[in-house]
>>> print(open('protein-v6.cif').read())   # mmCIF, C-alpha atoms
data_upload
loop_
_atom_site.label_atom_id
_atom_site.label_comp_id
_atom_site.auth_asym_id
_atom_site.auth_seq_id
_atom_site.Cartn_x
_atom_site.Cartn_y
_atom_site.Cartn_z
CA MET A 1 3.97 -34.86 18.59
CA ARG A 2 5.22 -38.23 17.35
CA TRP A 3 6.23 -37.91 13.73
CA LYS A 4 9.86 -39.04 13.47
CA GLY A 5 10.17 -42.10 11.27
CA SER A 6 6.91 -41.38 9.45
CA ARG A 7 6.82 -41.50 5.68
CA SER A 8 7.35 -38.24 3.81
CA SER A 9 4.95 -37.07 1.13
CA ASP A 10 5.97 -37.29 -2.51
CA ASN A 11 3.86 -34.22 -3.27
CA ILE A 12 6.54 -31.65 -2.46
CA ASP A 13 8.04 -29.16 -4.92
CA ASP A 14 11.23 -27.79 -3.33
CA ARG A 15 11.99 -24.39 -4.87
CA ARG A 16 14.22 -23.14 -2.09
CA GLY A 17 17.19 -23.08 -4.43
CA GLN A 18 15.42 -20.66 -6.74
CA SER A 19 15.82 -16.91 -6.60
CA MET A 20 13.21 -14.69 -8.15
CA SER A 21 13.37 -11.07 -9.22
CA ARG A 22 11.46 -8.71 -11.43
CA GLY A 23 12.55 -8.47 -15.05
CA GLY A 24 15.20 -5.82 -15.64
CA SER A 25 17.33 -4.09 -13.06
CA GLY A 26 16.05 -0.54 -13.22
CA ALA A 27 18.80 0.34 -15.74
CA LEU A 28 16.45 2.51 -17.78
CA MET A 29 15.72 4.69 -14.77
CA LEU A 30 19.44 5.29 -14.27
CA ILE A 31 19.88 6.22 -17.95
CA LEU A 32 16.90 8.59 -17.85
CA ASN A 33 18.34 10.29 -14.79
CA LEU A 34 21.70 10.87 -16.45
CA VAL A 35 20.22 11.98 -19.77
CA GLY A 36 17.76 14.29 -18.04
CA ARG A 37 20.57 16.10 -16.23
CA LYS A 38 22.45 16.75 -19.46
CA PHE A 39 19.79 17.12 -22.16
CA GLY A 40 16.61 17.86 -20.24
CA ILE A 41 13.12 16.69 -21.16
CA THR A 42 13.96 16.45 -24.87
CA GLY A 43 16.67 13.88 -24.19
CA ILE A 44 14.35 11.88 -21.90
CA ILE A 45 11.68 11.72 -24.62
CA VAL A 46 14.21 10.48 -27.19
CA VAL A 47 15.39 7.72 -24.83
CA LEU A 48 11.82 6.65 -23.97
CA VAL A 49 10.83 6.44 -27.63
CA GLY A 50 13.90 4.33 -28.36
CA ALA A 51 13.18 2.07 -25.40
CA TYR A 52 9.57 1.68 -26.50
CA PHE A 53 10.54 0.31 -29.90
CA PHE A 54 13.44 -1.74 -28.45
CA THR A 55 11.14 -3.61 -26.06
CA GLY A 56 8.16 -3.86 -28.36
CA GLY A 57 6.19 -1.49 -26.20
CA ASN A 58 6.99 -3.16 -22.88
CA ILE A 59 9.22 -0.57 -21.22
CA GLY A 60 8.48 -2.16 -17.86
CA GLN A 61 11.07 -4.84 -18.68
CA LEU A 62 13.80 -2.24 -18.40
CA LEU A 63 12.22 -0.44 -15.48
CA GLY A 64 12.39 -3.55 -13.34
CA GLY A 65 8.65 -4.21 -13.29
CA GLY A 66 8.37 -6.82 -16.02
CA THR A 67 7.85 -10.55 -15.88
CA PRO A 68 9.46 -12.14 -12.82
CA GLN A 69 12.76 -13.84 -13.61
CA VAL A 70 13.66 -17.13 -11.92
CA SER A 71 17.15 -18.57 -11.52
CA ASP A 72 17.97 -21.96 -9.99
CA GLY A 73 20.69 -22.74 -7.49
CA PRO A 74 21.55 -25.32 -4.84
CA VAL A 75 19.29 -25.81 -1.83
CA ASN A 76 21.46 -24.92 1.15
CA GLU A 77 19.71 -25.56 4.44
CA THR A 78 20.74 -25.31 8.07
CA SER A 79 20.08 -28.17 10.48
CA GLU A 80 17.05 -26.25 11.75
CA GLN A 81 15.65 -25.85 8.24
CA ALA A 82 16.30 -29.53 7.55
CA TYR A 83 14.26 -30.34 10.65
CA TRP A 84 11.28 -28.26 9.48
CA HIS A 85 11.64 -29.71 5.98
CA GLU A 86 11.42 -33.24 7.33
CA LEU A 87 8.47 -32.36 9.60
CA ALA A 88 6.57 -30.66 6.75
CA GLY A 89 6.94 -33.75 4.56
CA ALA A 90 5.74 -36.04 7.35
CA VAL A 91 2.74 -33.84 8.21
CA LEU A 92 1.70 -33.51 4.57
CA ALA A 93 1.80 -37.32 4.27
CA LYS A 94 -0.42 -37.63 7.35
CA THR A 95 -2.94 -35.20 5.83
CA GLU A 96 -3.00 -37.36 2.70
CA ASP A 97 -3.71 -40.54 4.66
CA SER A 98 -6.31 -39.07 7.01
CA TRP A 99 -8.25 -37.04 4.45
CA ALA A 100 -8.28 -40.02 2.10
CA ALA A 101 -9.91 -42.03 4.92
CA ILE A 102 -12.44 -39.27 5.70
CA PHE A 103 -13.40 -38.86 2.03
CA ALA A 104 -13.69 -42.65 1.62
CA ARG A 105 -16.31 -42.73 4.38
CA HIS A 106 -18.35 -40.41 2.15
CA ASN A 107 -17.73 -42.57 -0.94
CA ALA A 108 -15.48 -39.89 -2.42
CA GLN A 109 -11.86 -39.86 -3.55
CA TYR A 110 -9.43 -37.38 -2.05
CA ARG A 111 -7.01 -35.60 -4.40
CA ALA A 112 -3.99 -34.44 -2.42
CA PRO A 113 -2.49 -30.99 -2.98
CA GLN A 114 1.16 -30.32 -3.73
CA MET A 115 3.23 -28.38 -1.23
CA VAL A 116 5.70 -25.84 -2.59
CA LEU A 117 8.65 -24.95 -0.36
CA TYR A 118 10.24 -21.64 -1.27
CA ARG A 119 12.27 -18.76 0.11
CA GLY A 120 11.19 -15.16 -0.04
CA MET A 121 9.13 -15.09 -3.22
CA THR A 122 7.77 -17.51 -5.81
CA GLN A 123 5.37 -17.57 -8.73
CA THR A 124 1.95 -19.19 -8.11
CA GLY A 125 -1.28 -19.73 -9.96
CA CYS A 126 -2.66 -16.84 -7.86
CA GLY A 127 0.15 -14.40 -8.68
CA THR A 128 3.45 -13.74 -6.96
CA GLY A 129 3.62 -15.33 -3.52
CA GLN A 130 5.69 -13.65 -0.81
CA ALA A 131 6.91 -15.08 2.48
CA GLN A 132 5.77 -12.06 4.49
CA THR A 133 2.14 -13.03 3.88
CA GLY A 134 2.72 -16.35 5.67
CA PRO A 135 1.76 -19.83 4.43
CA PHE A 136 -1.12 -19.83 1.96
CA TYR A 137 -3.16 -22.02 -0.38
CA CYS A 138 -3.82 -21.16 -4.02
CA PRO A 139 -7.12 -22.61 -5.32
CA ALA A 140 -6.11 -21.94 -8.94
CA ASP A 141 -3.23 -24.44 -8.92
CA GLN A 142 -4.31 -26.43 -5.82
CA LYS A 143 -0.97 -25.97 -4.08
CA VAL A 144 0.07 -25.06 -0.54
CA TYR A 145 2.93 -22.54 -0.40
CA LEU A 146 5.26 -22.50 2.58
CA ASP A 147 8.44 -20.65 3.50
CA LEU A 148 9.87 -22.75 6.34
CA SER A 149 11.21 -19.64 8.08
CA PHE A 150 7.61 -18.95 9.15
CA PHE A 151 7.91 -21.60 11.85
CA ASN A 152 10.69 -19.60 13.51
CA LEU A 153 8.71 -16.38 13.08
CA LEU A 154 5.69 -18.04 14.65
CA LYS A 155 7.61 -18.52 17.88
CA GLN A 156 9.73 -15.38 17.92
CA ARG A 157 7.17 -12.77 16.86
CA TYR A 158 3.73 -14.22 17.46
CA GLY A 159 4.21 -16.27 20.60
CA GLY A 160 3.25 -19.64 19.11
CA GLY A 161 5.47 -22.39 17.82
CA GLY A 162 6.54 -25.99 18.17
CA ASP A 163 6.03 -29.21 16.23
CA PHE A 164 2.26 -29.42 16.62
CA ALA A 165 1.94 -25.69 15.95
CA ALA A 166 3.73 -26.24 12.63
CA ALA A 167 1.47 -29.23 11.89
CA TYR A 168 -1.61 -27.09 12.67
CA VAL A 169 -0.45 -24.40 10.24
CA ILE A 170 0.09 -26.94 7.44
CA ALA A 171 -3.19 -28.73 8.21
CA HIS A 172 -5.03 -25.38 8.10
CA GLU A 173 -3.78 -24.72 4.56
CA VAL A 174 -4.67 -28.27 3.53
CA GLY A 175 -8.08 -27.51 5.04
CA HIS A 176 -8.46 -24.79 2.40
CA HIS A 177 -7.71 -27.44 -0.22
CA VAL A 178 -10.49 -29.60 1.20
CA GLN A 179 -12.84 -26.60 0.97
CA ASN A 180 -11.81 -26.21 -2.66
CA LEU A 181 -12.49 -29.88 -3.43
CA LEU A 182 -15.91 -29.67 -1.75
CA GLY A 183 -16.88 -26.48 -3.63
CA ILE A 184 -17.10 -24.47 -0.41
CA GLU A 185 -14.42 -21.96 -1.43
CA LYS A 186 -16.08 -21.27 -4.80
CA LYS A 187 -19.49 -20.80 -3.20
CA MET A 188 -18.05 -18.40 -0.62
CA ARG A 189 -16.37 -16.29 -3.33
CA ALA A 190 -19.69 -16.06 -5.17
CA GLU A 191 -21.42 -14.91 -1.98
CA GLN A 192 -18.70 -12.29 -1.46
CA ALA A 193 -19.28 -10.96 -4.96
CA ALA A 194 -23.03 -10.82 -4.39
CA ASN A 195 -22.67 -9.24 -0.91
CA PRO A 196 -19.55 -7.03 -0.85
CA SER A 197 -20.42 -5.71 2.63
CA GLN A 198 -20.09 -9.28 3.95
CA LYS A 199 -16.70 -9.93 2.33
CA ASN A 200 -14.68 -9.93 5.56
CA ALA A 201 -17.30 -11.80 7.58
CA LEU A 202 -17.46 -14.57 4.96
CA SER A 203 -13.67 -14.73 4.84
CA VAL A 204 -13.61 -15.23 8.61
CA ARG A 205 -16.06 -18.13 8.33
CA LEU A 206 -13.90 -19.75 5.64
CA GLU A 207 -10.77 -19.42 7.77
CA LEU A 208 -12.45 -20.73 10.91
CA GLN A 209 -13.66 -23.76 8.99
CA ALA A 210 -10.08 -24.41 7.85
CA ASP A 211 -9.11 -24.29 11.55
CA CYS A 212 -11.84 -26.81 12.31
CA PHE A 213 -10.66 -29.03 9.45
CA ALA A 214 -7.14 -28.85 10.92
CA GLY A 215 -8.54 -30.07 14.23
CA LEU A 216 -10.55 -32.79 12.50
CA TRP A 217 -7.39 -33.95 10.73
CA ALA A 218 -5.52 -34.10 14.04
CA ALA A 219 -8.30 -36.13 15.66
CA GLU A 220 -8.52 -38.54 12.72
CA THR A 221 -4.75 -39.00 12.60
CA ASN A 222 -4.58 -39.57 16.34
CA ARG A 223 -7.25 -42.27 16.11
CA ARG A 224 -5.23 -43.94 13.38
CA GLU A 225 -1.76 -43.76 14.89
CA GLN A 226 -1.84 -42.01 18.30
CA PHE A 227 0.64 -39.33 17.29
CA LEU A 228 -0.39 -36.66 19.78
CA GLU A 229 1.50 -36.16 23.03
CA PRO A 230 0.64 -34.30 26.25
CA GLY A 231 0.84 -30.56 25.67
CA ASP A 232 0.08 -30.68 21.93
CA LEU A 233 -3.48 -29.43 22.30
CA GLU A 234 -2.28 -26.58 24.53
CA GLN A 235 0.38 -25.74 21.96
CA GLY A 236 -2.25 -25.62 19.24
CA MET A 237 -4.50 -23.38 21.35
CA LYS A 238 -1.62 -21.02 22.08
CA THR A 239 -0.76 -20.76 18.39
CA ALA A 240 -4.40 -20.24 17.38
CA ALA A 241 -4.54 -17.36 19.87
CA ALA A 242 -1.25 -15.94 18.60
CA ILE A 243 -2.53 -15.62 15.01
CA GLY A 244 -5.98 -14.29 15.85
CA ASP A 245 -6.83 -11.00 14.14
CA ASP A 246 -7.37 -9.14 17.41
CA HIS A 247 -4.00 -10.26 18.76
CA LEU A 248 -2.22 -9.27 15.55
CA GLN A 249 -3.92 -5.87 15.54
CA GLN A 250 -2.85 -5.28 19.14
CA GLN A 251 0.71 -6.33 18.33
CA ALA A 252 0.75 -3.79 15.51
CA GLY A 253 -0.33 -1.06 17.94
CA GLN A 254 -3.78 -0.80 16.38
CA VAL A 255 -7.23 -0.52 17.91
CA VAL A 256 -9.04 -3.86 17.70
CA ARG A 257 -11.57 -3.63 14.85
CA PRO A 258 -13.75 -6.75 14.45
CA ASP A 259 -15.13 -5.41 11.14
CA ALA A 260 -11.59 -5.64 9.74
CA PHE A 261 -11.10 -9.28 10.78
CA THR A 262 -10.39 -11.67 7.91
CA HIS A 263 -9.32 -14.80 9.83
CA GLY A 264 -11.17 -14.57 13.15
CA SER A 265 -10.34 -13.55 16.69
CA SER A 266 -8.06 -15.56 18.95
CA ALA A 267 -11.08 -16.94 20.83
CA GLN A 268 -12.84 -17.91 17.61
CA ARG A 269 -9.78 -19.67 16.21
CA GLN A 270 -9.28 -21.57 19.46
CA LYS A 271 -12.95 -22.54 19.56
CA TRP A 272 -13.02 -24.00 16.06
CA LEU A 273 -9.68 -25.78 16.34
CA ARG A 274 -11.00 -27.42 19.53
CA THR A 275 -14.33 -28.19 17.82
CA GLY A 276 -12.49 -29.98 15.04
CA MET A 277 -10.40 -32.01 17.46
CA GLN A 278 -13.61 -33.19 19.16
CA ALA A 279 -15.44 -33.82 15.88
CA SER A 280 -15.87 -37.09 14.03
CA ASP A 281 -17.11 -35.79 10.68
CA ILE A 282 -16.81 -32.86 8.25
CA GLY A 283 -20.38 -31.77 8.93
CA GLN A 284 -19.47 -30.73 12.45
CA CYS A 285 -17.21 -28.01 11.00
CA ASP A 286 -19.99 -25.97 9.38
CA THR A 287 -19.01 -22.42 10.33
CA PHE A 288 -21.44 -20.95 7.77
CA LYS A 289 -24.59 -21.82 9.74
#
>>> encode(input="protein-v6.cif", output="structure tokens")
Amino acid sequence: MRWKGSRSSDNIDDRRGQSMSRGGSGALMLILNLVGRKFGITGIIVVLVGAYFFTGGNIGQLLGGGTPQVSDGPVNETSEQAYWHELAGAVLAKTEDSWAAIFARHNAQYRAPQMVLYRGMTQTGCGTGQAQTGPFYCPADQKVYLDLSFFNLLKQRYGGGGDFAAAYVIAHEVGHHVQNLLGIEKKMRAEQAANPSQKNALSVRLELQADCFAGLWAAETNRREQFLEPGDLEQGMKTAAAIGDDHLQQQAGQVVRPDAFTHGSSAQRQKWLRTGMQASDIGQCDTFK
């Protein structure tokens, strides 16, 4: 994938120097343990009452379950992390340019999302985001959240990986932003609320459409600047298969259960990524038909 020398997006919030922890350090639990050994339940009650008034009723602050605390520090990155950082900025910029062009053809204006780079854990408009869940999009604050270590994990654990694989992952999350702008995400959530038994099936359709949008972005960008190289499509297909629900269930030693799918099978994800790369318009990515 040709991306070196491309402009980098200005819509990046780099929080990798931040560390985040729950309020308190569990000190109250240690005190309760010591007091309980010496004074029994009576002593524990006295300490809890004192803690209640000391914290204004929010004992969780001392238990370590209060409001997340954030501290800033320098962003130290390895050469590998610097590489992914540069690639992420270039890919996000390409999504901005291509989606702006696609929206313009429909006489609409594209509003680009912000990408938040973080390590481990960060606060989002959708609650606390954690790296173990993988990259994700939050409709509430219209931001894409990404821990760059996922790109290494993609190769080492899931069997995908590479520059275009990373671009596909980012473009998929931006695809969710497009769904949000078009009102698709909101409509799907309403349908889930009205039909709880279809919650997973509707989620799969939303995810497959984001895959198709990722393919559509790749096709549009390639028409504009010929950035794809031989092997990129195969790399994308391999990654789509690696993060299919059936493949992940098998990797976890589980029986494949289609009713538990939330993102789609490997074959479905490959199909819709390919569909997007052969498409010329958003309407060809209607996975809800």
>>> resolve_selection(input="protein-v6.cif", expression="the PyMOL selection byres ((chain A and resi 215-226) around 9)", output="PyMOL selection string")
chain A and resi 2+94-95+97-99+101-102+167-168+171-172+175+210-214+227-229+272-282+285
>>> closest_residue(input="protein-v6.cif", among="A:Ile170, A:Ala100, A:Leu206, A:Ile184", to="Thr287 (chain A)", atoms="all atoms listed in the file")
A:Leu206
>>> resolve_selection(input="protein-v6.cif", expression="the PyMOL selection byres ((chain A and resi 15) around 6)", output="VMD selection string")
chain A and resid 14 16 to 18 117 to 118
>>> closest_residue(input="protein-v6.cif", among="A:Arg157, A:Lys289, A:His106, A:His176", to="Glu207 (chain A)", atoms="only C-alpha atoms")
A:His176
>>> atom_distance(input="protein-v6.cif", atom1="CA of Leu148 (chain A)", atom2="CA of Gly236 (chain A)")
17.9 Å
>>> resolve_selection(input="protein-v6.cif", expression="the PyMOL selection byres ((chain A and resi 73-85) around 12)", output="PyMOL selection string")
chain A and resi 3-4+8-9+12-20+70-72+86-92+115-119+146-152+161-167+170
>>> residues_near_point(input="protein-v6.cif", point="(6.6, -16.0, -3.3)", cutoff="9 Å", atoms="all atoms listed in the file", output="VMD selection string")
chain A and resid 20 118 to 124 127 to 133 145 to 147
>>> write_last_selection(input="protein-v6.cif", atoms="C-alpha atoms", output="short mmCIF file (atom, residue, chain, number, x, y, z; two decimals), keeping the file's coordinate frame")
data_model
loop_
_atom_site.label_atom_id
_atom_site.label_comp_id
_atom_site.auth_asym_id
_atom_site.auth_seq_id
_atom_site.Cartn_x
_atom_site.Cartn_y
_atom_site.Cartn_z
CA MET A 20 13.21 -14.69 -8.15
CA TYR A 118 10.24 -21.64 -1.27
CA ARG A 119 12.27 -18.76 0.11
CA GLY A 120 11.19 -15.16 -0.04
CA MET A 121 9.13 -15.09 -3.22
CA THR A 122 7.77 -17.51 -5.81
CA GLN A 123 5.37 -17.57 -8.73
CA THR A 124 1.95 -19.19 -8.11
CA GLY A 127 0.15 -14.40 -8.68
CA THR A 128 3.45 -13.74 -6.96
CA GLY A 129 3.62 -15.33 -3.52
CA GLN A 130 5.69 -13.65 -0.81
CA ALA A 131 6.91 -15.08 2.48
CA GLN A 132 5.77 -12.06 4.49
CA THR A 133 2.14 -13.03 3.88
CA TYR A 145 2.93 -22.54 -0.40
CA LEU A 146 5.26 -22.50 2.58
CA ASP A 147 8.44 -20.65 3.50
#
>>> atom_distance(input="protein-v6.cif", atom1="CA of Lys271 (chain A)", atom2="CA of Val255 (chain A)")
22.8 Å
>>> residues_around(input="protein-v6.cif", residues="Gly125 (chain A)", least_positions_apart="3", cutoff="9 Å", atoms="only C-alpha atoms", output="list of chain:residue names")
A:Thr128, A:Cys138, A:Pro139, A:Ala140, A:Asp141, A:Gln142, A:Lys143
>>> write_last_selection(input="protein-v6.cif", atoms="C-alpha atoms", output="PDB file, in the frame of the given file")
ATOM      1  CA  THR A 128       3.450 -13.740  -6.960  1.00  0.00           C
ATOM      2  CA  CYS A 138      -3.820 -21.160  -4.020  1.00  0.00           C
ATOM      3  CA  PRO A 139      -7.120 -22.610  -5.320  1.00  0.00           C
ATOM      4  CA  ALA A 140      -6.110 -21.940  -8.940  1.00  0.00           C
ATOM      5  CA  ASP A 141      -3.230 -24.440  -8.920  1.00  0.00           C
ATOM      6  CA  GLN A 142      -4.310 -26.430  -5.820  1.00  0.00           C
ATOM      7  CA  LYS A 143      -0.970 -25.970  -4.080  1.00  0.00           C
TER       8      LYS A 143
END
>>> closest_residue(input="protein-v6.cif", among="A:Arg205, A:Arg257, A:Lys155, A:Arg189", to="Ala242 (chain A)", atoms="all atoms listed in the file")
A:Lys155
>>> closest_residue(input="protein-v6.cif", among="A:Met237, A:Ala194, A:Cys126, A:Val204", to="Asp259 (chain A)", atoms="all atoms listed in the file")
A:Val204
>>> atom_distance(input="protein-v6.cif", atom1="CA of Gly160 (chain A)", atom2="CA of Ala93 (chain A)")
23.1 Å
>>> closest_residue(input="protein-v6.cif", among="A:Met188, A:Met1, A:Ala112, A:Val174", to="Pro135 (chain A)", atoms="only C-alpha atoms")
A:Val174
>>> closest_residue(input="protein-v6.cif", among="A:Lys238, A:His177, A:Arg269, A:Lys186", to="Glu96 (chain A)", atoms="only C-alpha atoms")
A:His177
>>> build_atoms(input="protein-v6.cif", residues="region 271-282 of chain A", atoms="N, CA, C and O atoms", output="short mmCIF file (atom, residue, chain, number, x, y, z; two decimals), in the frame of the given file")
data_model
loop_
_atom_site.label_atom_id
_atom_site.label_comp_id
_atom_site.auth_asym_id
_atom_site.auth_seq_id
_atom_site.Cartn_x
_atom_site.Cartn_y
_atom_site.Cartn_z
N LYS A 271 -11.69 -21.81 19.47
CA LYS A 271 -12.95 -22.54 19.56
C LYS A 271 -13.08 -23.55 18.42
O LYS A 271 -13.44 -24.72 18.64
N TRP A 272 -12.80 -23.12 17.20
CA TRP A 272 -13.02 -24.00 16.06
C TRP A 272 -11.93 -25.04 15.89
O TRP A 272 -12.19 -26.14 15.39
N LEU A 273 -10.72 -24.75 16.33
CA LEU A 273 -9.68 -25.78 16.34
C LEU A 273 -10.08 -26.87 17.33
O LEU A 273 -9.98 -28.07 17.03
N ARG A 274 -10.56 -26.46 18.51
CA ARG A 274 -11.00 -27.42 19.53
C ARG A 274 -12.22 -28.21 19.04
O ARG A 274 -12.31 -29.42 19.24
N THR A 275 -13.14 -27.51 18.37
CA THR A 275 -14.33 -28.19 17.82
C THR A 275 -13.92 -29.29 16.86
O THR A 275 -14.45 -30.40 16.90
N GLY A 276 -12.96 -28.99 16.00
CA GLY A 276 -12.49 -29.98 15.04
C GLY A 276 -11.84 -31.17 15.72
O GLY A 276 -12.02 -32.32 15.31
N MET A 277 -11.09 -30.92 16.77
CA MET A 277 -10.40 -32.01 17.46
C MET A 277 -11.37 -32.90 18.24
O MET A 277 -11.04 -34.02 18.60
N GLN A 278 -12.58 -32.40 18.48
CA GLN A 278 -13.61 -33.19 19.16
C GLN A 278 -14.62 -33.77 18.17
O GLN A 278 -15.51 -34.52 18.56
N ALA A 279 -14.48 -33.41 16.89
CA ALA A 279 -15.44 -33.82 15.88
C ALA A 279 -15.09 -35.20 15.31
O ALA A 279 -13.98 -35.69 15.46
N SER A 280 -16.07 -35.79 14.68
CA SER A 280 -15.87 -37.09 14.03
C SER A 280 -16.20 -37.05 12.55
O SER A 280 -16.01 -38.03 11.84
N ASP A 281 -16.72 -35.87 12.08
CA ASP A 281 -17.11 -35.79 10.68
C ASP A 281 -17.04 -34.35 10.19
O ASP A 281 -17.12 -33.40 10.99
N ILE A 282 -16.92 -34.18 8.88
CA ILE A 282 -16.81 -32.86 8.25
C ILE A 282 -17.99 -31.97 8.60
O ILE A 282 -17.83 -30.76 8.81
#
